[in-house]
Amino acid sequence: MNHLQTIILQIVKDIDALCQQEGIQYYLYGGSAIGAVRHKGFIPWDDDIDIIMSHDNYQRFMSVAREKLPAGKYFLQEGLVDWPMNYSKLRLRGTHICELEGYAKNSDQDGIFVDIFKFDNTSSHKLMQIWQYICAKYYLCYQLSQRTYESASRGKKVLMAAAIPLRLPFLRRFIIGQAERYNNRPDTAYVASYYEPKRFSTCIHLRTTFGTPQRVVFEDTRLPIPEHCHKYLTTVFGDYMKLPPVEEQNQKHIDAVDFGVY
């Protein structure tokens, strides 16, 4: 686990250097933000790092990463381009990882990775937020059906089957257009992580909650967290400073790793 975290951290350092060079804002996200605040680094049993960007920053990152990160070292598994999901992974070539419900077109694209999520801009009106949430979740069911999700519960498999109509391109474009209808308005008061398995109440945030990234100690470097990180983490996780029960303190994503030359 320590060696895996060391390699993941190096990937993040390369992402961070590129983002600073290009003026792209991002934040540590989810458990990675908890780790930064509670442990000043990784949660000891965490086997990944998650970062998140605004819609505009995400689009810029996809462009410059393909241009400026060494293609011989990294594979950018771009969401909706290189795999069905609507978020991306930067993978280290020459390594191989076996993860639950993993997805790779070939063995050169299944390396150790960092997850890169995006916020979508959303309405200030709750009814429209709910509509966007429903459309995004319907589209997420379609994405999962395209990736395959064998470990899904029976209920989730029913929802995935219900998304079959989205195989029709015109209907899929309509649903995506509704879910992301405010992405051409970069100054919306609210942003949302609609494409994650989250409840409505925990996926929408004031843009100012994330605000200006604040760099804090993370292992042997400094990485950015949301400006009002306590508000964000409390909204999503509640008492995030409290450790989970011992039986829950284990890695959740990875079954096996081949570190290659690393």
# chains A, B, ... in the order shown; residues from 1 in each chain; ligands from 1

$ residues_around --residues "range 37-41 of chain A" --least-positions-apart "4" --cutoff "8 Å" --atoms "only C-alpha atoms" --output "list in words"
Ser32, Ala33, Val216, Val217, Phe218, Glu219 and Met241 of chain A

$ write_last_selection --atoms "N, CA, C and O atoms" --output "tab-separated table (two decimals), in the first residue's frame"
chain	number	residue	atom	x	y	z
A	32	SER	N	-9.72	11.93	-0.65
A	32	SER	CA	-8.39	12.55	-0.76
A	32	SER	C	-8.36	13.88	-0.01
A	32	SER	O	-7.35	14.24	0.60
A	33	ALA	N	-9.47	14.63	-0.04
A	33	ALA	CA	-9.55	15.87	0.74
A	33	ALA	C	-9.60	15.56	2.23
A	33	ALA	O	-8.98	16.26	3.04
A	216	VAL	N	-2.28	22.81	0.94
A	216	VAL	CA	-1.99	22.29	2.28
A	216	VAL	C	-1.00	21.14	2.15
A	216	VAL	O	-0.78	20.59	1.07
A	217	VAL	N	-0.42	20.78	3.29
A	217	VAL	CA	0.53	19.66	3.31
A	217	VAL	C	-0.18	18.37	2.91
A	217	VAL	O	-1.26	18.06	3.43
A	218	PHE	N	0.44	17.66	1.99
A	218	PHE	CA	-0.03	16.32	1.60
A	218	PHE	C	1.21	15.47	1.41
A	218	PHE	O	1.93	15.63	0.41
A	219	GLU	N	1.48	14.60	2.37
A	219	GLU	CA	2.71	13.80	2.38
A	219	GLU	C	3.92	14.74	2.29
A	219	GLU	O	4.05	15.63	3.11
A	241	MET	N	-13.84	13.97	10.58
A	241	MET	CA	-12.63	13.80	11.39
A	241	MET	C	-12.68	12.52	12.22
A	241	MET	O	-11.66	12.07	12.76

$ residues_around --residues "Asp16 in chain A" --least-positions-apart "4" --cutoff "10 Å" --atoms "only C-alpha atoms" --output "NGL selection string"
:A and (10-12 or 20-22 or 24-27 or 222-224)

$ write_last_selection --atoms "N, CA, C and O atoms" --output "mmCIF file, in the first residue's frame"
data_model
loop_
_atom_site.group_PDB
_atom_site.id
_atom_site.type_symbol
_atom_site.label_atom_id
_atom_site.label_comp_id
_atom_site.auth_asym_id
_atom_site.auth_seq_id
_atom_site.Cartn_x
_atom_site.Cartn_y
_atom_site.Cartn_z
ATOM 1 N N GLN A 10 3.214 10.509 -7.151
ATOM 2 C CA GLN A 10 4.052 11.031 -8.230
ATOM 3 C C GLN A 10 3.210 11.424 -9.437
ATOM 4 O O GLN A 10 3.481 12.433 -10.098
ATOM 5 N N ILE A 11 2.171 10.632 -9.728
ATOM 6 C CA ILE A 11 1.266 10.998 -10.813
ATOM 7 C C ILE A 11 0.602 12.339 -10.510
ATOM 8 O O ILE A 11 0.512 13.229 -11.370
ATOM 9 N N VAL A 12 0.140 12.503 -9.268
ATOM 10 C CA VAL A 12 -0.518 13.752 -8.880
ATOM 11 C C VAL A 12 0.451 14.927 -8.972
ATOM 12 O O VAL A 12 0.070 16.032 -9.378
ATOM 13 N N GLN A 20 -0.336 23.984 -12.631
ATOM 14 C CA GLN A 20 0.256 25.267 -12.242
ATOM 15 C C GLN A 20 0.839 25.976 -13.465
ATOM 16 O O GLN A 20 0.707 27.196 -13.611
ATOM 17 N N GLN A 21 1.465 25.229 -14.336
ATOM 18 C CA GLN A 21 2.052 25.802 -15.546
ATOM 19 C C GLN A 21 0.988 26.417 -16.443
ATOM 20 O O GLN A 21 1.197 27.485 -17.050
ATOM 21 N N GLU A 22 -0.182 25.767 -16.523
ATOM 22 C CA GLU A 22 -1.233 26.196 -17.445
ATOM 23 C C GLU A 22 -2.314 27.042 -16.777
ATOM 24 O O GLU A 22 -3.281 27.447 -17.431
ATOM 25 N N ILE A 24 -4.511 26.059 -14.484
ATOM 26 C CA ILE A 24 -5.732 25.252 -14.349
ATOM 27 C C ILE A 24 -5.983 24.979 -12.873
ATOM 28 O O ILE A 24 -5.117 24.463 -12.176
ATOM 29 N N GLN A 25 -7.161 25.340 -12.393
ATOM 30 C CA GLN A 25 -7.513 25.104 -10.993
ATOM 31 C C GLN A 25 -8.097 23.706 -10.818
ATOM 32 O O GLN A 25 -8.904 23.252 -11.621
ATOM 33 N N TYR A 26 -7.704 23.055 -9.732
ATOM 34 C CA TYR A 26 -8.289 21.769 -9.365
ATOM 35 C C TYR A 26 -8.236 21.645 -7.849
ATOM 36 O O TYR A 26 -7.595 22.443 -7.153
ATOM 37 N N TYR A 27 -8.907 20.635 -7.329
ATOM 38 C CA TYR A 27 -8.969 20.409 -5.889
ATOM 39 C C TYR A 27 -8.851 18.918 -5.589
ATOM 40 O O TYR A 27 -9.356 18.085 -6.356
ATOM 41 N N ARG A 222 2.673 19.870 -1.240
ATOM 42 C CA ARG A 222 1.477 20.644 -0.898
ATOM 43 C C ARG A 222 0.533 20.584 -2.087
ATOM 44 O O ARG A 222 0.950 20.809 -3.234
ATOM 45 N N LEU A 223 -0.731 20.273 -1.809
ATOM 46 C CA LEU A 223 -1.732 20.120 -2.857
ATOM 47 C C LEU A 223 -2.974 20.935 -2.504
ATOM 48 O O LEU A 223 -3.215 21.231 -1.316
ATOM 49 N N PRO A 224 -3.791 21.288 -3.488
ATOM 50 C CA PRO A 224 -4.924 22.188 -3.240
ATOM 51 C C PRO A 224 -6.181 21.471 -2.751
ATOM 52 O O PRO A 224 -6.548 20.404 -3.259
#

$ closest_residue --among "A:Ala36, A:Met53, A:Val257, A:Leu168" --to "Ile97 in chain A" --atoms "only C-alpha atoms"
A:Val257

$ closest_atom_pairs --of "range 24-123 of chain A" --to "range 133-154 of chain A" --cutoff "7 Å" --atoms "only C-alpha atoms" --output "tab-separated table"
residue	atom	partner	partner_atom	distance
A:Pro84	CA	A:Gln143	CA	5.4
A:Met85	CA	A:Gln143	CA	5.5
A:Glu101	CA	A:Tyr149	CA	6.3

$ select_by_dssp --residues "range 69-133 of chain A" --states "strand (DSSP E)" --output "PyMOL selection string"
chain A and resi 74-77+88-92+96-99+113-118+120-122

$ closest_residue --among "A:Tyr194, A:Tyr232, A:Phe200, A:Tyr240" --to "Ala179 in chain A" --atoms "only C-alpha atoms"
A:Tyr194

$ residues_around --residues "Trp45 in chain A" --least-positions-apart "4" --cutoff "12 Å" --atoms "only C-alpha atoms" --output "compact mmCIF listing (two decimals) with N, CA, C and O atoms, in the first residue's frame"
# COMPACT_ATOMS: atom_id res chain seq x y z
N MET A 1 0.82 -1.20 0.00
CA MET A 1 0.00 0.00 0.00
C MET A 1 0.86 1.26 0.00
O MET A 1 0.60 2.21 -0.74
N ASN A 2 1.92 1.27 0.81
CA ASN A 2 2.79 2.44 0.85
C ASN A 2 3.43 2.71 -0.51
O ASN A 2 3.54 3.86 -0.96
N LEU A 4 2.27 1.74 -3.47
CA LEU A 4 1.22 2.19 -4.38
C LEU A 4 0.93 3.67 -4.17
O LEU A 4 0.82 4.44 -5.13
N GLN A 5 0.81 4.09 -2.93
CA GLN A 5 0.53 5.50 -2.64
C GLN A 5 1.66 6.40 -3.12
O GLN A 5 1.42 7.50 -3.62
N GLY A 31 -12.42 11.40 -0.45
CA GLY A 31 -11.53 10.87 0.57
C GLY A 31 -10.13 11.46 0.52
O GLY A 31 -9.43 11.50 1.54
N SER A 32 -9.72 11.93 -0.65
CA SER A 32 -8.39 12.55 -0.76
C SER A 32 -8.36 13.88 -0.01
O SER A 32 -7.35 14.24 0.60
N GLY A 35 -8.17 12.98 3.60
CA GLY A 35 -6.81 12.62 3.93
C GLY A 35 -5.93 13.83 4.15
O GLY A 35 -5.13 13.87 5.09
N HIS A 39 -5.15 13.58 7.87
CA HIS A 39 -3.90 12.82 7.97
C HIS A 39 -2.70 13.55 7.37
O HIS A 39 -1.59 13.02 7.41
N GLY A 41 -2.11 13.82 4.34
CA GLY A 41 -1.66 12.94 3.26
C GLY A 41 -2.75 11.93 2.96
O GLY A 41 -3.94 12.19 3.15
N ILE A 49 -6.34 8.41 -5.45
CA ILE A 49 -6.51 9.85 -5.23
C ILE A 49 -7.55 10.34 -6.22
O ILE A 49 -7.53 9.97 -7.40
N LEU A 243 -12.69 8.65 12.71
CA LEU A 243 -12.26 7.47 11.95
C LEU A 243 -13.39 6.47 11.83
O LEU A 243 -14.19 6.30 12.77
N PRO A 244 -13.50 5.78 10.71
CA PRO A 244 -14.52 4.73 10.58
C PRO A 244 -14.17 3.53 11.45
O PRO A 244 -13.02 3.42 11.92
N VAL A 246 -12.88 -0.06 12.63
CA VAL A 246 -11.68 -0.77 12.17
C VAL A 246 -11.99 -1.69 11.00
O VAL A 246 -11.21 -1.79 10.04
N GLU A 247 -13.14 -2.35 11.04
CA GLU A 247 -13.47 -3.31 9.97
C GLU A 247 -13.71 -2.62 8.63
O GLU A 247 -13.71 -3.27 7.59
N GLU A 248 -13.89 -1.29 8.63
CA GLU A 248 -14.08 -0.55 7.38
C GLU A 248 -12.80 0.12 6.91
O GLU A 248 -12.79 0.76 5.86
N GLN A 249 -11.74 -0.04 7.66
CA GLN A 249 -10.47 0.60 7.31
C GLN A 249 -9.68 -0.32 6.38
O GLN A 249 -8.65 -0.89 6.73
N ASN A 250 -10.14 -0.44 5.15
CA ASN A 250 -9.47 -1.27 4.17
C ASN A 250 -9.67 -0.69 2.79
O ASN A 250 -10.60 0.07 2.54
N GLN A 251 -8.76 -1.03 1.87
CA GLN A 251 -8.85 -0.52 0.50
C GLN A 251 -10.06 -1.13 -0.19
O GLN A 251 -10.46 -2.25 0.10
N LYS A 252 -10.64 -0.37 -1.13
CA LYS A 252 -11.92 -0.77 -1.70
C LYS A 252 -11.91 -0.96 -3.21
O LYS A 252 -12.88 -1.44 -3.78
N HIS A 253 -10.84 -0.55 -3.89
CA HIS A 253 -10.90 -0.52 -5.33
C HIS A 253 -10.04 -1.56 -6.03
O HIS A 253 -10.39 -2.03 -7.11
N ILE A 254 -8.92 -1.92 -5.44
CA ILE A 254 -7.89 -2.64 -6.17
C ILE A 254 -7.72 -4.06 -5.65
O ILE A 254 -7.63 -4.28 -4.44

$ atom_distance --atom1 "CA of Asp258 in chain A" --atom2 "CA of Gly102 in chain A"
14.7 Å

$ residues_around --residues "Ala104 in chain A" --least-positions-apart "2" --cutoff "9 Å" --atoms "only C-alpha atoms" --output "list in words"
Gln77, Asp82, Trp83, Gly102, Asn106, Ser107, Asp108, Gln109 and Asp110 of chain A

$ closest_residue --among "A:Ile225, A:Leu159, A:Ile130, A:Leu100" --to "Ser201 in chain A" --atoms "only C-alpha atoms"
A:Ile130

$ closest_residue --among "A:Lys118, A:His3, A:Lys156, A:Arg185" --to "Asp46 in chain A" --atoms "only C-alpha atoms"
A:His3

$ atom_distance --atom1 "CA of Glu196 in chain A" --atom2 "CA of Asn121 in chain A"
14.7 Å

$ residues_around --residues "Asp187 in chain A" --least-positions-apart "5" --cutoff "10 Å" --atoms "only C-alpha atoms" --output "MDAnalysis selection string"
chainID A and resid 121:122 182 207

$ atom_distance --atom1 "CA of Glu180 in chain A" --atom2 "CA of Gly79 in chain A"
14.9 Å

$ select_by_dssp --residues "range 124-259 of chain A" --states "helix (DSSP H, G or I)" --output "PyMOL selection string"
chain A and resi 126-147+154-162+164-167+169-179+200-203+207-210+229-237+246-248

$ residues_around --residues "Ala65 in chain A" --least-positions-apart "3" --cutoff "8 Å" --atoms "only C-alpha atoms" --output "NGL selection string"
:A and (18 or 61-62 or 68-69 or 76)

$ residues_around --residues "His55 in chain A" --least-positions-apart "3" --cutoff "9 Å" --atoms "only C-alpha atoms" --output "PyMOL selection string"
chain A and resi 58-60+118-121+183+186

$ write_last_selection --atoms "N, CA, C and O atoms" --output "PDB file, in the first residue's frame"
ATOM      1  N   TYR A  58     -11.673  21.428 -16.611  1.00  0.00           N
ATOM      2  CA  TYR A  58     -11.598  20.031 -17.046  1.00  0.00           C
ATOM      3  C   TYR A  58     -11.367  19.949 -18.553  1.00  0.00           C
ATOM      4  O   TYR A  58     -10.516  19.184 -19.018  1.00  0.00           O
ATOM      5  N   GLN A  59     -12.105  20.744 -19.307  1.00  0.00           N
ATOM      6  CA  GLN A  59     -11.938  20.730 -20.757  1.00  0.00           C
ATOM      7  C   GLN A  59     -10.539  21.179 -21.148  1.00  0.00           C
ATOM      8  O   GLN A  59      -9.908  20.593 -22.044  1.00  0.00           O
ATOM      9  N   ARG A  60     -10.035  22.190 -20.485  1.00  0.00           N
ATOM     10  CA  ARG A  60      -8.679  22.671 -20.785  1.00  0.00           C
ATOM     11  C   ARG A  60      -7.648  21.613 -20.413  1.00  0.00           C
ATOM     12  O   ARG A  60      -6.677  21.396 -21.145  1.00  0.00           O
ATOM     13  N   LYS A 118     -15.232  16.088 -12.738  1.00  0.00           N
ATOM     14  CA  LYS A 118     -15.577  17.464 -13.090  1.00  0.00           C
ATOM     15  C   LYS A 118     -16.895  17.869 -12.432  1.00  0.00           C
ATOM     16  O   LYS A 118     -17.764  17.029 -12.170  1.00  0.00           O
ATOM     17  N   PHE A 119     -16.994  19.160 -12.163  1.00  0.00           N
ATOM     18  CA  PHE A 119     -18.259  19.746 -11.785  1.00  0.00           C
ATOM     19  C   PHE A 119     -18.982  20.220 -13.036  1.00  0.00           C
ATOM     20  O   PHE A 119     -18.353  20.735 -13.967  1.00  0.00           O
ATOM     21  N   ASP A 120     -20.302  20.071 -13.050  1.00  0.00           N
ATOM     22  CA  ASP A 120     -21.113  20.725 -14.061  1.00  0.00           C
ATOM     23  C   ASP A 120     -21.795  21.926 -13.432  1.00  0.00           C
ATOM     24  O   ASP A 120     -22.160  21.908 -12.244  1.00  0.00           O
ATOM     25  N   ASN A 121     -21.960  22.979 -14.217  1.00  0.00           N
ATOM     26  CA  ASN A 121     -22.666  24.154 -13.725  1.00  0.00           C
ATOM     27  C   ASN A 121     -24.150  23.828 -13.621  1.00  0.00           C
ATOM     28  O   ASN A 121     -24.695  23.108 -14.462  1.00  0.00           O
ATOM     29  N   ASN A 183     -23.577  24.528 -18.674  1.00  0.00           N
ATOM     30  CA  ASN A 183     -22.118  24.510 -18.773  1.00  0.00           C
ATOM     31  C   ASN A 183     -21.554  25.627 -19.646  1.00  0.00           C
ATOM     32  O   ASN A 183     -20.358  25.887 -19.614  1.00  0.00           O
ATOM     33  N   PRO A 186     -20.333  30.001 -17.154  1.00  0.00           N
ATOM     34  CA  PRO A 186     -19.300  29.699 -16.158  1.00  0.00           C
ATOM     35  C   PRO A 186     -19.458  30.425 -14.827  1.00  0.00           C
ATOM     36  O   PRO A 186     -18.704  30.165 -13.894  1.00  0.00           O
TER      37      PRO A 186
END
